[in-house]
Every structure is written in C-alpha cells, then in structure tokens.
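Source file: entry.cif. Holds: mmCIF, C-alpha atoms.
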data_upload
loop_
_atom_site.group_PDB
_atom_site.id
_atom_site.type_symbol
_atom_site.label_atom_id
_atom_site.label_comp_id
_atom_site.auth_asym_id
_atom_site.auth_seq_id
_atom_site.Cartn_x
_atom_site.Cartn_y
_atom_site.Cartn_z
ATOM 1 C CA MET A 267 30.378 2.753 5.632
ATOM 2 C CA LYS A 268 32.168 -0.011 3.794
ATOM 3 C CA SER A 269 29.416 -2.453 4.754
ATOM 4 C CA ILE A 270 26.726 -0.143 3.360
ATOM 5 C CA ARG A 271 28.718 0.425 0.186
ATOM 6 C CA ARG A 272 29.232 -3.312 -0.214
ATOM 7 C CA GLN A 273 25.534 -4.023 0.293
ATOM 8 C CA LEU A 274 24.547 -1.302 -2.166
ATOM 9 C CA THR A 275 27.051 -2.582 -4.703
ATOM 10 C CA VAL A 276 25.821 -6.161 -4.447
ATOM 11 C CA THR A 277 22.182 -5.050 -4.647
ATOM 12 C CA ILE A 278 22.742 -2.799 -7.671
ATOM 13 C CA VAL A 279 24.831 -5.443 -9.466
ATOM 14 C CA LEU A 280 22.236 -8.177 -8.912
ATOM 15 C CA ALA A 281 19.373 -5.882 -9.926
ATOM 16 C CA THR A 282 21.244 -4.797 -13.054
ATOM 17 C CA ILE A 283 22.082 -8.374 -14.028
ATOM 18 C CA ALA A 284 18.475 -9.475 -13.494
ATOM 19 C CA SER A 285 17.154 -6.546 -15.557
ATOM 20 C CA LEU A 286 19.621 -7.116 -18.384
ATOM 21 C CA LEU A 287 18.936 -10.858 -18.461
ATOM 22 C CA ALA A 288 15.173 -10.339 -18.498
ATOM 23 C CA GLY A 289 15.384 -7.674 -21.198
ATOM 24 C CA GLY A 290 17.797 -9.747 -23.255
ATOM 25 C CA PHE A 291 15.645 -12.868 -23.117
ATOM 26 C CA ILE A 292 12.490 -10.918 -23.980
ATOM 27 C CA LEU A 293 14.208 -9.223 -26.924
ATOM 28 C CA TYR A 294 15.752 -12.457 -28.212
ATOM 29 C CA PHE A 295 12.572 -14.533 -28.035
ATOM 30 C CA ALA A 296 10.478 -11.730 -29.558
ATOM 31 C CA LEU A 297 12.943 -11.549 -32.449
ATOM 32 C CA ARG A 298 12.997 -15.341 -32.746
ATOM 33 C CA GLU A 299 9.210 -15.494 -32.828
ATOM 34 C CA ALA A 300 9.017 -12.793 -35.510
ATOM 35 C CA LEU A 301 11.662 -14.429 -37.719
ATOM 36 C CA TYR A 302 10.067 -17.878 -37.482
ATOM 37 C CA ALA A 303 6.620 -16.423 -38.179
ATOM 38 C CA ARG A 304 7.986 -14.795 -41.337
ATOM 39 C CA PHE A 305 9.779 -18.004 -42.324
ATOM 40 C CA ASP A 306 6.607 -20.060 -41.815
ATOM 41 C CA SER A 307 4.582 -17.559 -43.833
ATOM 42 C CA GLU A 308 7.001 -17.899 -46.746
ATOM 43 C CA LEU A 309 6.837 -21.707 -46.516
ATOM 44 C CA ALA A 310 3.036 -21.656 -46.585
ATOM 45 C CA THR A 311 3.077 -19.252 -49.545
ATOM 46 C CA LYS A 312 5.366 -21.586 -51.498
ATOM 47 C CA ALA A 313 3.120 -24.552 -50.733
ATOM 48 C CA GLN A 314 0.056 -22.587 -51.807
ATOM 49 C CA ALA A 315 1.753 -21.547 -55.063
ATOM 50 C CA LEU A 316 2.617 -25.165 -55.864
ATOM 51 C CA ALA A 317 -0.892 -26.328 -54.979
ATOM 52 C CA LYS A 318 -2.383 -23.701 -57.301
ATOM 53 C CA ALA A 319 0.039 -24.754 -60.043
ATOM 54 C CA SER A 320 -1.192 -28.356 -59.730
ATOM 55 C CA GLU A 321 -4.061 -29.418 -61.973
ATOM 56 C CA LEU A 322 -5.680 -32.279 -63.821
ATOM 57 C CA ASP A 323 -4.827 -32.298 -67.511
ATOM 58 C CA ASP A 324 -6.982 -34.785 -69.413
ATOM 59 C CA LEU A 325 -7.922 -36.161 -65.966
ATOM 60 C CA ALA A 326 -4.261 -36.865 -65.064
ATOM 61 C CA PHE A 327 -2.239 -34.993 -62.430
ATOM 62 C CA GLU A 328 0.424 -32.510 -63.503
ATOM 63 C CA ILE A 329 2.170 -29.434 -62.115
ATOM 64 C CA ASP A 330 3.242 -26.258 -63.899
ATOM 65 C CA LEU A 331 7.037 -26.603 -64.143
ATOM 66 C CA ASN A 332 7.542 -22.857 -64.594
ATOM 67 C CA VAL A 333 5.893 -22.155 -61.255
ATOM 68 C CA ARG A 334 7.936 -24.917 -59.655
ATOM 69 C CA GLU A 335 11.183 -23.364 -60.876
ATOM 70 C CA PHE A 336 10.049 -19.856 -59.950
ATOM 71 C CA ALA A 337 9.258 -20.976 -56.409
ATOM 72 C CA GLY A 338 12.911 -22.001 -55.955
ATOM 73 C CA PHE A 339 12.728 -25.785 -56.161
ATOM 74 C CA GLY A 340 15.126 -26.295 -59.030
ATOM 75 C CA ALA A 341 18.691 -27.551 -58.883
ATOM 76 C CA PRO A 342 20.182 -29.408 -55.887
ATOM 77 C CA GLY A 343 21.878 -27.396 -53.179
ATOM 78 C CA LEU A 344 19.396 -24.507 -53.078
ATOM 79 C CA GLY A 345 17.919 -25.617 -49.754
ATOM 80 C CA ASP A 346 14.256 -25.814 -50.883
ATOM 81 C CA PHE A 347 12.375 -29.095 -51.339
ATOM 82 C CA PHE A 348 8.855 -30.392 -51.945
ATOM 83 C CA VAL A 349 6.989 -33.666 -52.373
ATOM 84 C CA ILE A 350 3.383 -34.215 -53.518
ATOM 85 C CA ARG A 351 1.680 -37.518 -52.653
ATOM 86 C CA ASP A 352 -1.766 -38.918 -53.239
ATOM 87 C CA LYS A 353 -4.001 -40.102 -50.410
ATOM 88 C CA ASP A 354 -2.421 -43.578 -50.620
ATOM 89 C CA GLY A 355 1.075 -42.172 -50.124
ATOM 90 C CA THR A 356 2.261 -42.609 -53.722
ATOM 91 C CA VAL A 357 4.665 -39.847 -54.789
ATOM 92 C CA LEU A 358 3.221 -37.915 -57.726
ATOM 93 C CA GLU A 359 5.853 -35.171 -57.959
ATOM 94 C CA ARG A 360 9.034 -34.189 -56.151
ATOM 95 C CA SER A 361 11.419 -31.278 -56.541
ATOM 96 C CA PRO A 362 14.625 -31.846 -58.550
ATOM 97 C CA SER A 363 16.495 -30.529 -55.512
ATOM 98 C CA LEU A 364 15.619 -33.752 -53.677
ATOM 99 C CA GLU A 365 17.416 -35.893 -56.273
ATOM 100 C CA PHE A 366 17.028 -39.436 -54.848
ATOM 101 C CA SER A 367 15.969 -38.383 -51.337
ATOM 102 C CA ASP A 368 12.512 -37.848 -49.882
ATOM 103 C CA LEU A 369 10.570 -35.947 -47.221
ATOM 104 C CA PRO A 370 8.392 -37.623 -44.574
ATOM 105 C CA ASP A 371 4.648 -37.789 -45.115
ATOM 106 C CA PHE A 372 3.725 -35.597 -42.144
ATOM 107 C CA ALA A 373 0.027 -35.518 -43.045
ATOM 108 C CA ALA A 374 -0.142 -39.310 -42.733
ATOM 109 C CA GLU A 375 1.999 -39.333 -39.579
ATOM 110 C CA THR A 376 0.035 -36.650 -37.735
ATOM 111 C CA GLY A 377 -3.415 -37.045 -39.251
ATOM 112 C CA GLY A 378 -3.688 -33.262 -39.501
ATOM 113 C CA PRO A 379 -4.621 -31.265 -42.627
ATOM 114 C CA ALA A 380 -1.749 -28.786 -42.204
ATOM 115 C CA GLY A 381 1.126 -27.919 -39.907
ATOM 116 C CA PHE A 382 4.751 -26.911 -39.380
ATOM 117 C CA VAL A 383 7.625 -29.000 -38.019
ATOM 118 C CA ASN A 384 11.407 -28.743 -37.662
ATOM 119 C CA VAL A 385 13.211 -31.353 -39.768
ATOM 120 C CA VAL A 386 16.620 -32.606 -40.827
ATOM 121 C CA LEU A 387 16.868 -31.976 -44.554
ATOM 122 C CA PRO A 388 18.092 -34.583 -47.051
ATOM 123 C CA ASP A 389 21.446 -32.759 -47.209
ATOM 124 C CA GLY A 390 21.812 -33.191 -43.429
ATOM 125 C CA GLY A 391 21.214 -29.538 -42.588
ATOM 126 C CA PRO A 392 18.541 -28.061 -40.311
ATOM 127 C CA GLY A 393 15.225 -27.168 -41.893
ATOM 128 C CA ARG A 394 11.570 -26.516 -41.351
ATOM 129 C CA ALA A 395 8.664 -28.098 -43.206
ATOM 130 C CA TYR A 396 5.034 -27.231 -43.888
ATOM 131 C CA TRP A 397 2.419 -29.670 -45.110
ATOM 132 C CA LYS A 398 -1.172 -29.350 -46.265
ATOM 133 C CA THR A 399 -3.810 -31.243 -48.213
ATOM 134 C CA PHE A 400 -5.411 -29.905 -51.379
ATOM 135 C CA GLN A 401 -7.612 -30.866 -54.340
ATOM 136 C CA PRO A 402 -6.486 -30.199 -57.949
ATOM 137 C CA LEU A 403 -9.113 -29.419 -60.574
ATOM 138 C CA GLU A 404 -9.358 -30.149 -64.298
ATOM 139 C CA ASP A 405 -7.580 -27.476 -66.346
ATOM 140 C CA ASP A 406 -10.270 -27.567 -69.048
ATOM 141 C CA VAL A 407 -13.542 -26.277 -67.567
ATOM 142 C CA ASP A 408 -15.561 -28.107 -70.242
ATOM 143 C CA LYS A 409 -14.197 -31.434 -68.984
ATOM 144 C CA ARG A 410 -15.393 -30.905 -65.407
ATOM 145 C CA ILE A 411 -18.416 -33.096 -65.994
ATOM 146 C CA GLY A 412 -19.304 -36.767 -66.195
ATOM 147 C CA GLN A 413 -18.263 -39.901 -64.371
ATOM 148 C CA PRO A 414 -14.640 -39.911 -65.620
ATOM 149 C CA TYR A 415 -14.091 -36.508 -64.038
ATOM 150 C CA ARG A 416 -15.718 -37.617 -60.792
ATOM 151 C CA ASP A 417 -13.450 -40.676 -60.795
ATOM 152 C CA ALA A 418 -10.406 -38.457 -61.339
ATOM 153 C CA LEU A 419 -11.453 -36.181 -58.481
ATOM 154 C CA GLU A 420 -11.733 -39.212 -56.235
ATOM 155 C CA ARG A 421 -8.369 -40.538 -57.444
ATOM 156 C CA TYR A 422 -6.634 -37.246 -56.682
ATOM 157 C CA ARG A 423 -8.647 -36.277 -53.628
ATOM 158 C CA ASP A 424 -6.765 -35.008 -50.549
ATOM 159 C CA LEU A 425 -3.358 -34.750 -52.182
ATOM 160 C CA ARG A 426 -0.630 -34.033 -49.640
ATOM 161 C CA ILE A 427 2.149 -31.537 -50.260
ATOM 162 C CA VAL A 428 5.219 -31.125 -48.048
ATOM 163 C CA VAL A 429 7.449 -28.085 -48.530
ATOM 164 C CA ALA A 430 10.750 -27.755 -46.652
ATOM 165 C CA SER A 431 13.447 -25.081 -46.588
ATOM 166 C CA SER A 432 16.804 -24.705 -44.876
ATOM 167 C CA THR A 433 16.888 -22.749 -41.616
ATOM 168 C CA ALA A 434 20.687 -22.431 -41.608
ATOM 169 C CA ALA A 435 20.598 -18.713 -42.456
ATOM 170 C CA LEU A 436 17.815 -18.112 -39.930
ATOM 171 C CA ARG A 437 19.763 -19.838 -37.181
ATOM 172 C CA ALA A 438 22.905 -17.883 -38.061
ATOM 173 C CA THR A 439 20.906 -14.648 -37.753
ATOM 174 C CA LEU A 440 19.591 -15.707 -34.341
ATOM 175 C CA ARG A 441 23.101 -16.610 -33.147
ATOM 176 C CA THR A 442 24.363 -13.203 -34.228
ATOM 177 C CA ALA A 443 21.446 -11.537 -32.450
ATOM 178 C CA ALA A 444 22.126 -13.530 -29.265
ATOM 179 C CA LEU A 445 25.815 -12.566 -29.274
ATOM 180 C CA THR A 446 24.944 -8.916 -29.910
ATOM 181 C CA ILE A 447 22.411 -8.850 -27.073
ATOM 182 C CA ALA A 448 24.927 -10.528 -24.746
ATOM 183 C CA ALA A 449 27.636 -8.015 -25.684
ATOM 184 C CA VAL A 450 25.279 -5.083 -25.095
ATOM 185 C CA ALA A 451 24.255 -6.562 -21.734
ATOM 186 C CA VAL A 452 27.863 -6.946 -20.595
ATOM 187 C CA ALA A 453 28.673 -3.414 -21.724
ATOM 188 C CA GLY A 454 25.592 -2.115 -19.899
ATOM 189 C CA LEU A 455 26.651 -3.908 -16.719
ATOM 190 C CA LEU A 456 30.174 -2.450 -16.875
ATOM 191 C CA VAL A 457 28.860 1.067 -17.466
ATOM 192 C CA THR A 458 26.447 0.667 -14.559
ATOM 193 C CA LEU A 459 29.257 -0.472 -12.242
ATOM 194 C CA VAL A 460 31.508 2.430 -13.233
ATOM 195 C CA LEU A 461 28.749 5.016 -12.748
ATOM 196 C CA PHE A 462 27.657 3.446 -9.466
ATOM 197 C CA HIS A 463 31.222 3.457 -8.160
ATOM 198 C CA ARG A 464 31.571 7.162 -8.929
ATOM 199 C CA VAL A 465 28.202 8.052 -7.395
ATOM 200 C CA VAL A 466 28.866 6.102 -4.192
ATOM 201 C CA GLY A 467 32.360 7.495 -4.007
#
Please express what this file holds, its structure, as structure tokens.
Amino acid sequence: MKSIRRQLTVTIVLATIASLLAGGFILYFALREALYARFDSELATKAQALAKASELDDLAFEIDLNVREFAGFGAPGLGDFFVIRDKDGTVLERSPSLEFSDLPDFAAETGGPAGFVNVVLPDGGPGRAYWKTFQPLEDDVDKRIGQPYRDALERYRDLRIVVASSTAALRATLRTAALTIAAVAVAGLLVTLVLFHRVVG
C-alpha cells in the first residue's frame, strides 16, 4: 500500500510540476510578447510623428520643435532619444535628451529600411530602438517645382531616423509578473499536495 501511495504521490507531484511550469512559461511569454508588441508600436508611432514633423523650409531641412517636445524628447533623463541623419550619415537633428551622446546608425549597419533592436542607452540603461527611412517634403506647396527643389529632394533623400526609449519599466513589470507566476505555481503545488494527501489517506 505504501509503495502504491508513494508511486501515486511521485506521479501526481511530477505531473503537477510539469503542468504548472508549462502554464507559467506560456503565460509569461505571452505577456512578454504582448508588452513588447505594445512598446514597439509606441516607438514606431513616435518615429512616424517625428518624420511627419520634418519638412523642407526654403529647401532646407527642419523639424517642428513643438512636435518634438510633445513626443517626449525634451530634457535629459526622460529616457527617450532620437537622431535624424542624412543618407551620408551626417546628423541633421538629435533630441536634447541625448546631450553630447549619440545613437548608432542602424539603417547603415543593417542595410534595412526599418527595424527594431535592443540597445544600451546613452545613460547606460537598457532600451529598445526603432529606425526607418523617410523623405521630407517642402512645406510650401508652391515651391515644390523646379531644379532647386529636385536638388533638395536628392540632398535629403532617404533620411534615417532612430528612436530609442528605456525598457527599464517594462523589464520591471516582467520581473514582477515572473515572480507572481512563480508564487502562484508554488502555492498551486502545495494545495495539490495537501488535497492529494487527504484523498489518498
């Protein structure tokens, strides 16, 4: 009888642990995927807003500073950064939050038109970056004619923007979720053992 009880106990414990581990991993990675997808969507939206705020004014590049501030790229320490370069790699605009630092030119490094990548931010913290290429247009519609405008379009063709934000809060959320799932799993295992002991008894 003791041998049967021992075998049943071992089987139930192993099955419970396997089920809890599988469920915990599935829940954690589903949550992680959802949070990163939301984070990436916000990064892409910020990049798109900055690209739309970029224009040619009298055939020279400029960016709407109000949009830049609204997008959260103002003072240092806010955890949001951006850099805009021309096709030759020259920096045309960078966020004040970067101060004297910079972000890598991922478009040049990868050769791709857009993408996401995990990075170490200028402040040393963990972050995630999104880059894309875009083409600014002349603000004055009447000036979108003639050779000077075509030269300006060529000069500012395939501009590359990199937007990066801190993932410290996201990682803290995932750590909390992992600890919560682990605690629930341990509690579930203990409850299962207690109930099993009573049923077998």
| request: List the residues selected by the PyMOL selection byres ((chain A and resi 415) around 12) in the file shown, writing them as a list of chain:residue names. | output: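 Taken on the displayed file, the PyMOL selection byres ((chain A and resi 415) around 12) yields the residues A:Leu322, A:Asp323, A:Asp324, A:Leu325, A:Ala326, A:Pro402, A:Leu403, A:Glu404, A:Asp405, A:Asp406, A:Val407, A:Asp408, A:Lys409, A:Arg410, A:Ile411, A:Gly412, A:Gln413, A:Pro414, A:Arg416, A:Asp417, A:Ala418, A:Leu419, A:Glu420, A:Arg421, A:Tyr422, A:Arg423.
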| request: Within 10 Å of Ile278 in chain A, counting all atoms listed in the file, which residues show up once you throw out same-chain ones fewer than 4 positions away? Write them as a PyMOL selection string, please. | output: chain A and resi 272-274+282-284+455+458-459+462
Any chance you could resolve the PyMOL selection byres ((chain A and resi 443) around 12) against this file and give the residues as a PDB file with C-alpha atoms, in the frame of the given file?
ATOM      1  CA  GLY A 290      17.797  -9.747 -23.255  1.00  0.00           C
ATOM      2  CA  PHE A 291      15.645 -12.868 -23.117  1.00  0.00           C
ATOM      3  CA  LEU A 293      14.208  -9.223 -26.924  1.00  0.00           C
ATOM      4  CA  TYR A 294      15.752 -12.457 -28.212  1.00  0.00           C
ATOM      5  CA  PHE A 295      12.572 -14.533 -28.035  1.00  0.00           C
ATOM      6  CA  ALA A 296      10.478 -11.730 -29.558  1.00  0.00           C
ATOM      7  CA  LEU A 297      12.943 -11.549 -32.449  1.00  0.00           C
ATOM      8  CA  ARG A 298      12.997 -15.341 -32.746  1.00  0.00           C
ATOM      9  CA  LEU A 301      11.662 -14.429 -37.719  1.00  0.00           C
ATOM     10  CA  LEU A 436      17.815 -18.112 -39.930  1.00  0.00           C
ATOM     11  CA  ARG A 437      19.763 -19.838 -37.181  1.00  0.00           C
ATOM     12  CA  ALA A 438      22.905 -17.883 -38.061  1.00  0.00           C
ATOM     13  CA  THR A 439      20.906 -14.648 -37.753  1.00  0.00           C
ATOM     14  CA  LEU A 440      19.591 -15.707 -34.341  1.00  0.00           C
ATOM     15  CA  ARG A 441      23.101 -16.610 -33.147  1.00  0.00           C
ATOM     16  CA  THR A 442      24.363 -13.203 -34.228  1.00  0.00           C
ATOM     17  CA  ALA A 444      22.126 -13.530 -29.265  1.00  0.00           C
ATOM     18  CA  LEU A 445      25.815 -12.566 -29.274  1.00  0.00           C
ATOM     19  CA  THR A 446      24.944  -8.916 -29.910  1.00  0.00           C
ATOM     20  CA  ILE A 447      22.411  -8.850 -27.073  1.00  0.00           C
ATOM     21  CA  ALA A 448      24.927 -10.528 -24.746  1.00  0.00           C
ATOM     22  CA  ALA A 449      27.636  -8.015 -25.684  1.00  0.00           C
ATOM     23  CA  VAL A 450      25.279  -5.083 -25.095  1.00  0.00           C
TER      24      VAL A 450
END
Pull out every residue that the PyMOL selection byres ((chain A and resi 377-393) around 12) matches in the shown coordinates and put them as a PDB file with C-alpha atoms, in the coordinates of the input.
ATOM      1  CA  TYR A 302      10.067 -17.878 -37.482  1.00  0.00           C
ATOM      2  CA  ALA A 303       6.620 -16.423 -38.179  1.00  0.00           C
ATOM      3  CA  PHE A 305       9.779 -18.004 -42.324  1.00  0.00           C
ATOM      4  CA  ASP A 306       6.607 -20.060 -41.815  1.00  0.00           C
ATOM      5  CA  SER A 307       4.582 -17.559 -43.833  1.00  0.00           C
ATOM      6  CA  GLU A 308       7.001 -17.899 -46.746  1.00  0.00           C
ATOM      7  CA  LEU A 309       6.837 -21.707 -46.516  1.00  0.00           C
ATOM      8  CA  ALA A 310       3.036 -21.656 -46.585  1.00  0.00           C
ATOM      9  CA  ALA A 313       3.120 -24.552 -50.733  1.00  0.00           C
ATOM     10  CA  GLN A 314       0.056 -22.587 -51.807  1.00  0.00           C
ATOM     11  CA  PRO A 342      20.182 -29.408 -55.887  1.00  0.00           C
ATOM     12  CA  GLY A 343      21.878 -27.396 -53.179  1.00  0.00           C
ATOM     13  CA  LEU A 344      19.396 -24.507 -53.078  1.00  0.00           C
ATOM     14  CA  GLY A 345      17.919 -25.617 -49.754  1.00  0.00           C
ATOM     15  CA  ASP A 346      14.256 -25.814 -50.883  1.00  0.00           C
ATOM     16  CA  PHE A 347      12.375 -29.095 -51.339  1.00  0.00           C
ATOM     17  CA  PHE A 348       8.855 -30.392 -51.945  1.00  0.00           C
ATOM     18  CA  LYS A 353      -4.001 -40.102 -50.410  1.00  0.00           C
ATOM     19  CA  SER A 363      16.495 -30.529 -55.512  1.00  0.00           C
ATOM     20  CA  LEU A 364      15.619 -33.752 -53.677  1.00  0.00           C
ATOM     21  CA  GLU A 365      17.416 -35.893 -56.273  1.00  0.00           C
ATOM     22  CA  PHE A 366      17.028 -39.436 -54.848  1.00  0.00           C
ATOM     23  CA  SER A 367      15.969 -38.383 -51.337  1.00  0.00           C
ATOM     24  CA  ASP A 368      12.512 -37.848 -49.882  1.00  0.00           C
ATOM     25  CA  LEU A 369      10.570 -35.947 -47.221  1.00  0.00           C
ATOM     26  CA  PRO A 370       8.392 -37.623 -44.574  1.00  0.00           C
ATOM     27  CA  ASP A 371       4.648 -37.789 -45.115  1.00  0.00           C
ATOM     28  CA  PHE A 372       3.725 -35.597 -42.144  1.00  0.00           C
ATOM     29  CA  ALA A 373       0.027 -35.518 -43.045  1.00  0.00           C
ATOM     30  CA  ALA A 374      -0.142 -39.310 -42.733  1.00  0.00           C
ATOM     31  CA  GLU A 375       1.999 -39.333 -39.579  1.00  0.00           C
ATOM     32  CA  THR A 376       0.035 -36.650 -37.735  1.00  0.00           C
ATOM     33  CA  ARG A 394      11.570 -26.516 -41.351  1.00  0.00           C
ATOM     34  CA  ALA A 395       8.664 -28.098 -43.206  1.00  0.00           C
ATOM     35  CA  TYR A 396       5.034 -27.231 -43.888  1.00  0.00           C
ATOM     36  CA  TRP A 397       2.419 -29.670 -45.110  1.00  0.00           C
ATOM     37  CA  LYS A 398      -1.172 -29.350 -46.265  1.00  0.00           C
ATOM     38  CA  THR A 399      -3.810 -31.243 -48.213  1.00  0.00           C
ATOM     39  CA  PHE A 400      -5.411 -29.905 -51.379  1.00  0.00           C
ATOM     40  CA  ASP A 424      -6.765 -35.008 -50.549  1.00  0.00           C
ATOM     41  CA  LEU A 425      -3.358 -34.750 -52.182  1.00  0.00           C
ATOM     42  CA  ARG A 426      -0.630 -34.033 -49.640  1.00  0.00           C
ATOM     43  CA  ILE A 427       2.149 -31.537 -50.260  1.00  0.00           C
ATOM     44  CA  VAL A 428       5.219 -31.125 -48.048  1.00  0.00           C
ATOM     45  CA  VAL A 429       7.449 -28.085 -48.530  1.00  0.00           C
ATOM     46  CA  ALA A 430      10.750 -27.755 -46.652  1.00  0.00           C
ATOM     47  CA  SER A 431      13.447 -25.081 -46.588  1.00  0.00           C
ATOM     48  CA  SER A 432      16.804 -24.705 -44.876  1.00  0.00           C
ATOM     49  CA  THR A 433      16.888 -22.749 -41.616  1.00  0.00           C
ATOM     50  CA  ALA A 434      20.687 -22.431 -41.608  1.00  0.00           C
ATOM     51  CA  ALA A 435      20.598 -18.713 -42.456  1.00  0.00           C
ATOM     52  CA  LEU A 436      17.815 -18.112 -39.930  1.00  0.00           C
ATOM     53  CA  ARG A 437      19.763 -19.838 -37.181  1.00  0.00           C
ATOM     54  CA  ALA A 438      22.905 -17.883 -38.061  1.00  0.00           C
TER      55      ALA A 438
END
| task | Provide the CA of Val452 in chain A to CA of Leu286 in chain A distance in Å, to one decimal place. | result |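 Straight-line distance from CA of Val452 in chain A to CA of Leu286 in chain A works out to 8.5 Å.
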| What does the distance from CA of Ile329 in chain A to CA of Thr311 in chain A come to in Å, to one decimal? | 16.2 Å
| So how far away is CA of Thr356 in chain A from CA of Leu316 in chain A, in Å? |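 These atoms are spaced 17.6 Å apart.
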| Selected residue of minimal separation from Gln401 in chain A among A:Leu287, A:Val349, A:Ala317, A:Ile292, counting all atoms listed in the file | A:Ala317
